[in-house]
file target.cif (mmCIF, C-alpha atoms)
data_entry
#
loop_
_atom_site.label_atom_id
_atom_site.label_comp_id
_atom_site.auth_asym_id
_atom_site.auth_seq_id
_atom_site.Cartn_x
_atom_site.Cartn_y
_atom_site.Cartn_z
CA MET A 19 68.33 -61.43 121.30
CA TRP A 20 68.63 -65.18 120.96
CA ILE A 21 71.89 -66.26 122.57
CA ARG A 22 74.11 -69.13 121.50
CA ASN A 23 77.76 -69.92 122.10
CA LEU A 24 79.63 -68.65 119.05
CA ALA A 25 83.02 -69.77 120.31
CA SER A 26 82.37 -73.44 121.15
CA ALA A 27 84.53 -75.93 119.30
CA PRO A 28 83.15 -79.27 118.01
CA ASN A 29 85.01 -81.27 120.65
CA GLY A 30 85.50 -78.50 123.19
CA GLY A 31 84.52 -78.66 126.81
CA ILE A 32 81.27 -77.55 128.34
CA VAL A 33 80.98 -73.77 128.39
CA GLY A 34 80.32 -72.88 131.99
CA ASP A 35 77.81 -75.37 133.35
CA ALA A 36 75.74 -75.60 130.16
CA SER A 37 74.93 -78.87 128.46
CA LEU A 38 77.53 -79.54 125.75
CA PHE A 39 74.84 -81.19 123.65
CA LEU A 40 72.67 -78.07 123.59
CA THR A 41 75.66 -75.84 122.95
CA ARG A 42 76.84 -77.99 120.04
CA ILE A 43 73.44 -78.50 118.44
CA LEU A 44 72.81 -74.75 118.41
CA ASP A 45 76.17 -74.15 116.78
CA VAL A 46 75.67 -76.86 114.16
CA LEU A 47 72.17 -75.72 113.22
CA CYS A 48 73.15 -72.06 113.06
CA GLU A 49 76.31 -72.62 111.05
CA GLY A 50 74.91 -75.27 108.65
CA GLY A 51 73.70 -72.69 106.16
CA ASP A 52 72.08 -74.05 103.01
CA LYS A 53 72.96 -77.69 103.65
CA ILE A 54 69.80 -79.80 103.87
CA ALA A 55 69.00 -80.97 107.39
CA PHE A 56 65.69 -82.76 106.70
CA ALA A 57 64.04 -84.26 103.65
CA HIS A 58 60.40 -85.06 104.34
CA ARG A 59 57.77 -85.83 101.72
CA SER A 60 58.04 -83.15 99.06
CA ARG A 61 59.70 -80.59 101.30
CA SER A 62 63.19 -80.09 102.60
CA MET A 63 64.62 -77.89 105.35
CA SER A 64 68.09 -76.40 105.28
CA TYR A 65 70.11 -76.07 108.46
CA ARG A 66 69.42 -72.33 108.43
CA GLU A 67 65.66 -72.95 108.13
CA THR A 68 65.89 -75.60 110.85
CA PHE A 69 67.61 -73.14 113.20
CA ASP A 70 64.96 -70.49 112.48
CA THR A 71 62.19 -73.04 113.12
CA LEU A 72 63.81 -73.98 116.42
CA ARG A 73 63.88 -70.31 117.42
CA ARG A 74 60.17 -69.92 116.65
CA LEU A 75 59.23 -73.08 118.51
CA HIS A 76 61.33 -72.05 121.49
CA ALA A 77 59.62 -68.66 121.61
CA THR A 78 56.23 -70.39 121.51
CA LEU A 79 57.15 -72.75 124.34
CA LYS A 80 58.37 -69.83 126.41
CA ASN A 81 55.08 -68.00 125.85
CA GLU A 82 53.14 -71.11 126.80
CA GLY A 83 54.81 -71.19 130.19
CA ILE A 84 57.15 -74.16 129.81
CA ALA A 85 59.68 -73.79 132.60
CA PRO A 86 62.70 -75.60 134.09
CA GLY A 87 61.91 -78.80 135.94
CA GLU A 88 58.64 -79.49 134.11
CA THR A 89 57.86 -82.51 131.96
CA VAL A 90 56.85 -82.05 128.33
CA ALA A 91 55.29 -84.92 126.38
CA ILE A 92 55.73 -84.87 122.59
CA ILE A 93 53.66 -86.72 120.01
CA GLY A 94 53.43 -86.43 116.25
CA GLY A 95 55.67 -88.97 114.52
CA ASN A 96 58.73 -88.55 112.32
CA MET A 97 58.57 -84.85 111.49
CA PRO A 98 61.41 -82.31 111.67
CA GLU A 99 59.39 -80.48 114.31
CA THR A 100 59.42 -83.53 116.60
CA ILE A 101 63.13 -83.32 117.31
CA LEU A 102 63.03 -79.51 117.28
CA LEU A 103 60.29 -79.47 119.92
CA GLN A 104 62.47 -81.78 121.99
CA ILE A 105 65.46 -79.44 121.74
CA ALA A 106 63.31 -76.34 122.34
CA ALA A 107 61.83 -77.88 125.49
CA GLN A 108 65.28 -78.91 126.69
CA LEU A 109 66.48 -75.34 126.16
CA ARG A 110 63.68 -74.32 128.50
CA GLY A 111 65.12 -76.70 131.09
CA ALA A 112 62.25 -79.18 130.78
CA ARG A 113 62.40 -82.96 130.78
CA VAL A 114 61.05 -84.49 127.56
CA LEU A 115 58.86 -87.59 127.27
CA HIS A 116 58.16 -89.03 123.81
CA ARG A 117 54.87 -90.80 123.24
CA ASP A 118 53.56 -92.46 120.08
CA ASP A 119 50.19 -90.74 120.42
CA LEU A 120 47.74 -89.32 122.94
CA SER A 121 46.49 -92.77 123.93
CA CYS A 122 49.94 -93.77 125.21
CA SER A 123 49.57 -92.42 128.72
CA GLY A 124 50.13 -95.61 130.70
CA ASP A 125 53.77 -94.79 131.43
CA GLY A 126 52.99 -93.38 134.86
CA VAL A 127 54.38 -89.93 134.06
CA GLU A 128 52.18 -86.87 134.42
CA ALA A 129 53.17 -84.33 131.79
CA ASP A 130 52.81 -80.63 132.50
CA HIS A 131 52.42 -79.93 128.79
CA VAL A 132 51.61 -82.07 125.75
CA LEU A 133 52.95 -80.91 122.39
CA SER A 134 52.34 -82.24 118.90
CA SER A 135 54.43 -81.93 115.74
CA ALA A 136 51.63 -83.27 113.53
CA PRO A 137 50.54 -80.70 110.90
CA ASP A 138 46.84 -81.44 111.48
CA CYS A 139 47.05 -80.94 115.24
CA PRO A 140 47.56 -77.81 117.37
CA LEU A 141 51.11 -77.51 118.68
CA LEU A 142 49.94 -77.26 122.30
CA VAL A 143 47.56 -80.14 122.95
CA ALA A 144 47.41 -79.61 126.71
CA GLY A 145 49.15 -77.31 129.16
CA ARG A 146 48.96 -75.49 132.45
CA GLY A 147 48.03 -72.19 130.82
CA THR A 148 50.65 -70.14 132.65
CA LYS A 149 53.29 -67.74 131.42
CA ALA A 150 56.99 -68.14 132.13
CA ALA A 151 59.32 -65.33 133.07
CA GLU A 152 62.63 -67.23 132.71
CA ASP A 153 65.46 -66.10 130.44
CA ASP A 154 65.23 -66.62 126.70
CA ILE A 155 67.44 -69.72 126.80
CA VAL A 156 67.89 -71.56 130.06
CA MET A 157 70.85 -73.69 128.87
CA PRO A 158 70.61 -76.29 131.64
CA ARG A 159 73.56 -78.39 132.74
CA SER A 160 72.05 -81.57 131.33
CA VAL A 161 69.14 -82.92 129.33
CA GLU A 162 66.87 -85.90 129.93
CA THR A 163 64.64 -87.62 127.42
CA LEU A 164 62.26 -90.44 128.29
CA PHE A 165 61.00 -93.09 125.89
CA PRO A 166 58.25 -95.71 126.34
CA ALA A 167 59.37 -99.32 126.53
CA ASP A 168 57.69 -102.71 126.87
CA GLY A 169 55.82 -103.40 130.07
CA GLY A 170 55.12 -99.75 130.81
CA LYS A 171 58.72 -99.03 131.72
CA LEU A 172 60.58 -95.95 130.56
CA VAL A 173 64.04 -95.64 129.03
CA SER A 174 65.90 -92.52 130.15
CA CYS A 175 68.62 -90.97 127.98
CA GLY A 176 70.81 -88.04 128.91
CA GLU A 177 74.51 -88.84 128.97
CA GLU A 178 74.14 -90.38 125.50
CA TYR A 179 73.48 -86.94 124.04
CA GLU A 180 76.47 -85.42 125.83
CA GLU A 181 78.73 -88.24 124.60
CA MET A 182 77.60 -87.73 121.01
CA ALA A 183 78.27 -84.01 121.35
CA ARG A 184 81.82 -84.81 122.45
CA THR A 185 82.58 -87.39 119.76
CA VAL A 186 80.52 -86.85 116.60
CA GLU A 187 82.38 -85.05 113.82
CA PRO A 188 81.30 -84.10 110.28
CA HIS A 189 82.15 -86.74 107.68
CA PRO A 190 85.40 -85.92 105.84
CA ASP A 191 83.74 -86.57 102.48
CA GLY A 192 80.88 -84.20 103.18
CA PRO A 193 77.27 -84.61 104.39
CA GLN A 194 75.69 -88.06 104.20
CA ARG A 195 72.04 -88.95 103.64
CA VAL A 196 70.65 -90.94 106.58
CA LEU A 197 67.36 -92.76 106.05
CA LEU A 198 65.36 -92.79 109.29
CA ILE A 199 62.86 -95.63 109.46
CA ALA A 200 62.84 -95.92 113.26
CA PRO A 201 60.41 -93.62 115.07
CA MET A 202 61.86 -90.61 116.86
CA SER A 203 59.67 -91.58 119.81
CA HIS A 204 62.06 -94.49 120.51
CA PRO A 205 65.71 -94.30 121.63
CA ILE A 206 67.18 -95.78 118.42
CA GLY A 207 65.49 -93.39 116.03
CA ASN A 208 66.01 -90.43 118.33
CA ARG A 209 69.74 -91.05 118.69
CA ILE A 210 70.13 -91.58 114.94
CA THR A 211 68.46 -88.23 114.27
CA VAL A 212 70.55 -86.35 116.83
CA LYS A 213 73.79 -87.96 115.64
CA ALA A 214 73.02 -87.11 112.01
CA LEU A 215 72.33 -83.47 112.87
CA LEU A 216 75.51 -83.16 114.93
CA ALA A 217 77.45 -84.50 111.93
CA GLY A 218 75.80 -82.04 109.55
CA ASP A 219 74.07 -84.81 107.59
CA THR A 220 70.68 -84.93 105.89
CA VAL A 221 67.95 -86.92 107.68
CA VAL A 222 65.55 -88.48 105.18
CA LEU A 223 62.38 -89.05 107.18
CA HIS A 224 60.22 -92.15 106.83
CA GLU A 225 56.86 -91.46 108.44
CA ARG A 226 55.47 -94.92 109.03
CA ALA A 227 57.88 -97.13 110.90
CA PRO A 228 57.47 -100.94 110.96
CA GLU A 229 56.13 -102.70 114.03
CA THR A 230 59.58 -104.02 114.91
CA VAL A 231 62.50 -101.66 114.56
CA PRO A 232 65.38 -103.48 112.79
CA SER A 233 68.88 -103.30 114.21
CA ALA A 234 70.00 -101.20 111.23
CA ALA A 235 67.32 -98.63 111.90
CA GLY A 236 69.21 -95.84 110.23
CA SER A 237 71.71 -96.31 107.47
CA PRO A 238 73.54 -93.98 105.13
CA SER A 239 72.22 -94.02 101.58
CA PRO A 240 74.05 -92.87 98.47
CA GLN A 241 74.05 -89.20 97.71
CA GLY A 242 71.05 -88.27 95.57
#

call {"tool": "encode", "arguments": {"input": "target.cif", "output": "structure tokens"}}
result
Amino acid sequence: MWIRNLASAPNGGIVGDASLFLTRILDVLCEGGDKIAFAHRSRSMSYRETFDTLRRLHATLKNEGIAPGETVAIIGGNMPETILLQIAAQLRGARVLHRDDLSCSGDGVEADHVLSSAPDCPLLVAGRGTKAAEDDIVMPRSVETLFPADGGKLVSCGEEYEEMARTVEPHPDGPQRVLLIAPMSHPIGNRITVKALLAGDTVVLHERAPETVPSAAGSPSPQG
């Protein structure tokens, strides 16, 4: 059975030693019901459908041998599955590295597995071909996500997710629509997506981001 923390409060403490971010995001996705989590092209995904998709992706990653301490690279652009692959890998205890595409390998990090959220690409692009025997959900103490930056450097985010899990609350006037024009493969777009999900909002995905990400990379739009 897939385990999640049914008793965690929105601003409660970490349950045991588990990451508060992972605990909260599981609760939010599972309890969101028919509210729309993602609007992408002509399709939309409710929070319930998003949670079910996360479960399926997590099961796939487990079967593909993704284990704690490994590094998983994710490509594929602004798709719901991009952020769900990130969360699924983090639930396996893996470190996540976002790349714009397969050619972006000059970051000096050797990934144990390469995953793609693109619909015209296999989910597992490259991997070690082993099977994992770990528990269904690892629920590590913390998460780490790496993003490419100028000059071949990497930006590491971890505490930012935990802080959002502690502070982000649903909007009192109900779910908002957040237009995402920044790529999820960069810290700004990734944080906007995570924050919107934690608040129970709808992320309206823009696939092709501009060359330069504006400071207002994600902004609420009127209810449609």

call {"tool": "atom_distance", "arguments": {"input": "target.cif", "atom1": "atom CA of Ala112 of chain A", "atom2": "atom CA of Gly50 of chain A"}}
result
25.8 Å

call {"tool": "atom_distance", "arguments": {"input": "target.cif", "atom1": "atom CA of Leu40 of chain A", "atom2": "atom CA of Met97 of chain A"}}
result
19.8 Å

call {"tool": "atom_distance", "arguments": {"input": "target.cif", "atom1": "atom CA of Ile93 of chain A", "atom2": "atom CA of Ala167 of chain A"}}
result
15.3 Å

call {"tool": "residues_around", "arguments": {"input": "target.cif", "residues": "Asp52 of chain A", "least_positions_apart": "3", "cutoff": "9 Å", "atoms": "only C-alpha atoms", "output": "list in words"}}
result
Ala55, Met63, Ser64, Tyr65, Arg66 and Glu67 of chain A

call {"tool": "residues_near_point", "arguments": {"input": "target.cif", "point": "(57.2, -90.2, 126.5)", "cutoff": "9 Å", "atoms": "all atoms listed in the file", "output": "VMD selection string"}}
result
chain A and resid 90 to 93 114 to 118 122 to 123 125 127 129 163 to 166 172 203 to 204

call {"tool": "closest_residue", "arguments": {"input": "target.cif", "among": "A:Val212, A:Pro158, A:Arg73, A:Ile206", "to": "Met182 of chain A", "atoms": "only C-alpha atoms"}}
result
A:Val212

call {"tool": "closest_residue", "arguments": {"input": "target.cif", "among": "A:Gly51, A:Thr41, A:Val186, A:Asp130", "to": "Ile210 of chain A", "atoms": "only C-alpha atoms"}}
result
A:Val186

call {"tool": "residues_around", "arguments": {"input": "target.cif", "residues": "segment 99-106 of chain A", "least_positions_apart": "6", "cutoff": "6 Å", "atoms": "all atoms listed in the file", "output": "list of chain:residue names"}}
result
A:Leu72, A:His76, A:Ser135

call {"tool": "residues_around", "arguments": {"input": "target.cif", "residues": "Ala85 of chain A", "least_positions_apart": "3", "cutoff": "7 Å", "atoms": "all atoms listed in the file", "output": "ChimeraX atom specification"}}
result
/A:88,110-112,150

call {"tool": "closest_residue", "arguments": {"input": "target.cif", "among": "A:Lys53, A:Asn96, A:Pro205, A:Gln194", "to": "Glu178 of chain A", "atoms": "all atoms listed in the file"}}
result
A:Pro205

call {"tool": "closest_residue", "arguments": {"input": "target.cif", "among": "A:Val222, A:Tyr179, A:Leu75, A:Val132", "to": "Asn208 of chain A", "atoms": "only C-alpha atoms"}}
result
A:Tyr179

call {"tool": "closest_residue", "arguments": {"input": "target.cif", "among": "A:Ala136, A:Ala57, A:Ala36, A:Ile43", "to": "Phe69 of chain A", "atoms": "all atoms listed in the file"}}
result
A:Ile43

call {"tool": "residues_around", "arguments": {"input": "target.cif", "residues": "Val221 of chain A", "least_positions_apart": "6", "cutoff": "9 Å", "atoms": "all atoms listed in the file", "output": "list in words"}}
result
Ile54, Ala55, Phe56, Ala57, His58, Pro98, Gln194, Arg195, Val196, Leu197, Leu198, Ile210, Thr211, Ala214 and Leu215 of chain A

call {"tool": "closest_residue", "arguments": {"input": "target.cif", "among": "A:Glu187, A:Gly95, A:Asp70, A:Cys175", "to": "Arg209 of chain A", "atoms": "all atoms listed in the file"}}
result
A:Cys175

call {"tool": "residues_near_point", "arguments": {"input": "target.cif", "point": "(72.6, -71.4, 129.9)", "cutoff": "8 Å", "atoms": "only C-alpha atoms", "output": "CSV table (one decimal) with C-alpha atoms, in the coordinates of the input"}}
result
chain,number,residue,atom,x,y,z
A,35,ASP,CA,77.8,-75.4,133.4
A,36,ALA,CA,75.7,-75.6,130.2
A,37,SER,CA,74.9,-78.9,128.5
A,155,ILE,CA,67.4,-69.7,126.8
A,156,VAL,CA,67.9,-71.6,130.1
A,157,MET,CA,70.8,-73.7,128.9
A,158,PRO,CA,70.6,-76.3,131.6
A,159,ARG,CA,73.6,-78.4,132.7

call {"tool": "axis_aligned_box", "arguments": {"input": "target.cif", "around": "segment 35-48 of chain A", "padding_each_side": "3 Å", "output": "lines of an AutoDock Vina configuration file"}}
result
center_x = 75.0
center_y = -76.6
center_z = 123.2
size_x = 11.6
size_y = 15.1
size_z = 26.3
